[in-house]
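Just below is one structure, and these are the notes that go with it.
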Amino acid sequence: MANEYGTLPALKEKLGVEADDDSRDALLNSALASASRSIDRATGRRFWLDATTVQRSYRLGGRVVCEDGGELLLVDDVGTTTGLVVETGSGSSWTAVTGYETSPDNALADGRPVTGLLRVNGTWGIYTGRVRVTARFGWPAVPDDVTEAALIQATRLYKRKDSPEGIIGSAEWGVRNLSRRDPDVWALIEPFILPGFG
């Protein structure tokens with residue numbers, strides 16, 4: 001997969017590896033890919049943006065929140081409104097929906113994704129129905145904190161080959177066990193974790 005949250009040159013710089021040394025590139029790329037996917041799993045979301053629009057359908061039950069201004073349908077992260085199409089229906093019968101607003105307000109302007117669609121002064125219909133959303137899912141851009149967390153975790157994964165059984169040693173600290181979670185990685189990604197994950 002090519003949607004890593006850091007670059008090979010940045011990882012090499014963190015590790016002190018010369019930019020033109022390609023002898024470890026396969027291991028470094030593997031560590032970077034694994035670190036990126038582990039962030040996806042820990043946060044319950046992904047931060048790369050689909051290259052083209054994708055269709056996803058949602059059952060209304062458990063995804064609609066009643067608000068003062070209407071009903072808010074919670075959707076997966078949407079990284080741009082370009083190409084966004086919302087429809088209700090089922091099977092081969094779908095009807096375009098208008099009169100909705102993206103939520104939270106100014107999300108895309110603030111570099112965050114749209115996570116809900118507000119049906120202004122209205123409802124999304126019968127809760128046994130479905131809503132189909134065509135969009136480019138993901139984030140508008142990978143947040144800097146996620147990039148840094150991926151690089152730290154990739155560094156840790158790359159060095160793991162030198163710590164059999166999770167034990168690492170140094171002249172300054174002696175022998176110690178590696179912690180299950182890197183506290184810096186966790187601090188960087190924690191604000192992005194969807195409720196119910198982590």
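How things are named: the first chain in the structure tokens is A, the next is B, and so on; residues count from 1 in each chain; ligands count from 1 in the order shown.
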* **Expected answer as a PyMOL selection string: strand (DSSP E) residues in range 67-180 of chain A** => chain A and resi 67+70-90+93-96+100-103+114-120+130-137+167-170+174-177
* **Nearby residues (only C-alpha atoms) at most 9 Å from Gly99 in chain A, same-chain spacing under 6 positions excluded, as a VMD selection string** => chain A and resid 118 to 122
* **Shell around range 57-72 of chain A at 8 Å using only C-alpha atoms, local window under 5 positions removed, as a VMD selection string** => chain A and resid 116 to 124 126 to 133
* Do a neighbour search on Gly111 in chain A at 8 Å with only C-alpha atoms, toss out local chain neighbours closer than 5 positions, and write the hits as a PyMOL selection string. => chain A and resi 139-141+143
Please identify all polymer residues within 12 Å of range 1-15 of chain A, counting only C-alpha atoms, omitting same-chain residues fewer than 3 positions from it, and present them as a PDB file with C-alpha atoms, in the first residue's frame.
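For reference, around_26.pdb as written:
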ATOM      1  CA  GLU A  18      22.625   8.569   4.743  1.00  0.00           C
ATOM      2  CA  ALA A  19      20.125   9.643   2.082  1.00  0.00           C
ATOM      3  CA  ASP A  20      21.960   7.718  -0.677  1.00  0.00           C
ATOM      4  CA  ASP A  21      22.230   4.500   1.378  1.00  0.00           C
ATOM      5  CA  ASP A  22      19.555   2.244  -0.105  1.00  0.00           C
ATOM      6  CA  SER A  23      20.706  -0.992   1.558  1.00  0.00           C
ATOM      7  CA  ARG A  24      17.924  -0.814   4.154  1.00  0.00           C
ATOM      8  CA  ASP A  25      15.160   0.722   2.057  1.00  0.00           C
ATOM      9  CA  ALA A  26      13.005  -2.434   2.006  1.00  0.00           C
ATOM     10  CA  LEU A  27      13.087  -2.728   5.808  1.00  0.00           C
ATOM     11  CA  LEU A  28      12.466   0.989   6.286  1.00  0.00           C
ATOM     12  CA  ASN A  29       9.542   1.032   3.833  1.00  0.00           C
ATOM     13  CA  SER A  30       8.043  -1.990   5.581  1.00  0.00           C
ATOM     14  CA  ALA A  31       8.360  -0.297   8.980  1.00  0.00           C
ATOM     15  CA  LEU A  32       6.775   2.898   7.632  1.00  0.00           C
ATOM     16  CA  ALA A  33       3.852   1.010   6.079  1.00  0.00           C
ATOM     17  CA  SER A  34       3.274  -0.975   9.283  1.00  0.00           C
ATOM     18  CA  ALA A  35       3.439   2.162  11.431  1.00  0.00           C
ATOM     19  CA  SER A  36       0.923   3.934   9.194  1.00  0.00           C
ATOM     20  CA  ARG A  37      -1.558   1.055   9.219  1.00  0.00           C
ATOM     21  CA  SER A  38      -1.210   0.644  13.005  1.00  0.00           C
ATOM     22  CA  ILE A  39      -2.209   4.310  13.389  1.00  0.00           C
ATOM     23  CA  ASP A  40      -5.276   3.616  11.219  1.00  0.00           C
ATOM     24  CA  ARG A  46      -7.444   6.734   7.943  1.00  0.00           C
ATOM     25  CA  PHE A  47      -5.785   9.991   7.056  1.00  0.00           C
ATOM     26  CA  TRP A  48      -5.069   9.575   3.340  1.00  0.00           C
ATOM     27  CA  LEU A  49      -7.591  10.873   0.812  1.00  0.00           C
ATOM     28  CA  ASP A  50      -9.134   8.661  -1.865  1.00  0.00           C
ATOM     29  CA  ALA A  51      -7.787   9.523  -5.318  1.00  0.00           C
ATOM     30  CA  GLY A 138     -10.214  10.392   4.189  1.00  0.00           C
ATOM     31  CA  TRP A 139      -8.638  13.618   5.404  1.00  0.00           C
ATOM     32  CA  ALA A 141      -4.207  16.295   4.247  1.00  0.00           C
ATOM     33  CA  VAL A 142      -2.312  14.119   6.701  1.00  0.00           C
ATOM     34  CA  PRO A 143      -2.016  16.048   9.998  1.00  0.00           C
ATOM     35  CA  ASP A 144       1.540  16.874  11.093  1.00  0.00           C
ATOM     36  CA  ASP A 145       1.022  15.000  14.377  1.00  0.00           C
ATOM     37  CA  VAL A 146       0.082  11.823  12.498  1.00  0.00           C
ATOM     38  CA  THR A 147       3.161  12.129  10.277  1.00  0.00           C
ATOM     39  CA  GLU A 148       5.408  12.538  13.322  1.00  0.00           C
ATOM     40  CA  ALA A 149       3.739   9.599  15.098  1.00  0.00           C
ATOM     41  CA  ALA A 150       4.257   7.405  12.022  1.00  0.00           C
ATOM     42  CA  LEU A 151       7.945   8.311  11.832  1.00  0.00           C
ATOM     43  CA  ILE A 152       8.497   7.644  15.540  1.00  0.00           C
ATOM     44  CA  GLN A 153       6.666   4.319  15.330  1.00  0.00           C
ATOM     45  CA  ALA A 154       8.499   3.329  12.126  1.00  0.00           C
ATOM     46  CA  THR A 155      11.829   4.091  13.840  1.00  0.00           C
ATOM     47  CA  ARG A 156      10.774   1.910  16.745  1.00  0.00           C
ATOM     48  CA  LEU A 157       9.663  -0.927  14.444  1.00  0.00           C
ATOM     49  CA  TYR A 158      12.888  -0.763  12.433  1.00  0.00           C
ATOM     50  CA  LYS A 159      15.003  -0.940  15.612  1.00  0.00           C
TER      51      LYS A 159
END
* To do: Using DSSP on the backbone, list every residue of range 11-191 of chain A that comes out as alpha helix (DSSP H), and give them as a PyMOL selection string.
  => chain A and resi 11-15+25-43+144-159+183-189
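Computed from the coordinates, the CA of Gln55 in chain A to CA of Thr134 in chain A distance equals 4.3 Å.
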* **Close residues, Thr98 in chain A itself excluded, 9 Å, only C-alpha atoms, min 2 positions apart in chain, as a list in words** => Val86, Glu87, Ala96, Tyr100, Glu101 and Arg119 of chain A
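Distance annotation: of A:Thr80, A:Ala135, A:Thr43, A:Val114, the residue with the minimal separation from Leu188 in chain A is A:Thr43; atom set is only C-alpha atoms.
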* Can you work out the spacing between CA of Leu194 in chain A and CA of Arg56 in chain A in Å, to one decimal? => 18.7 Å
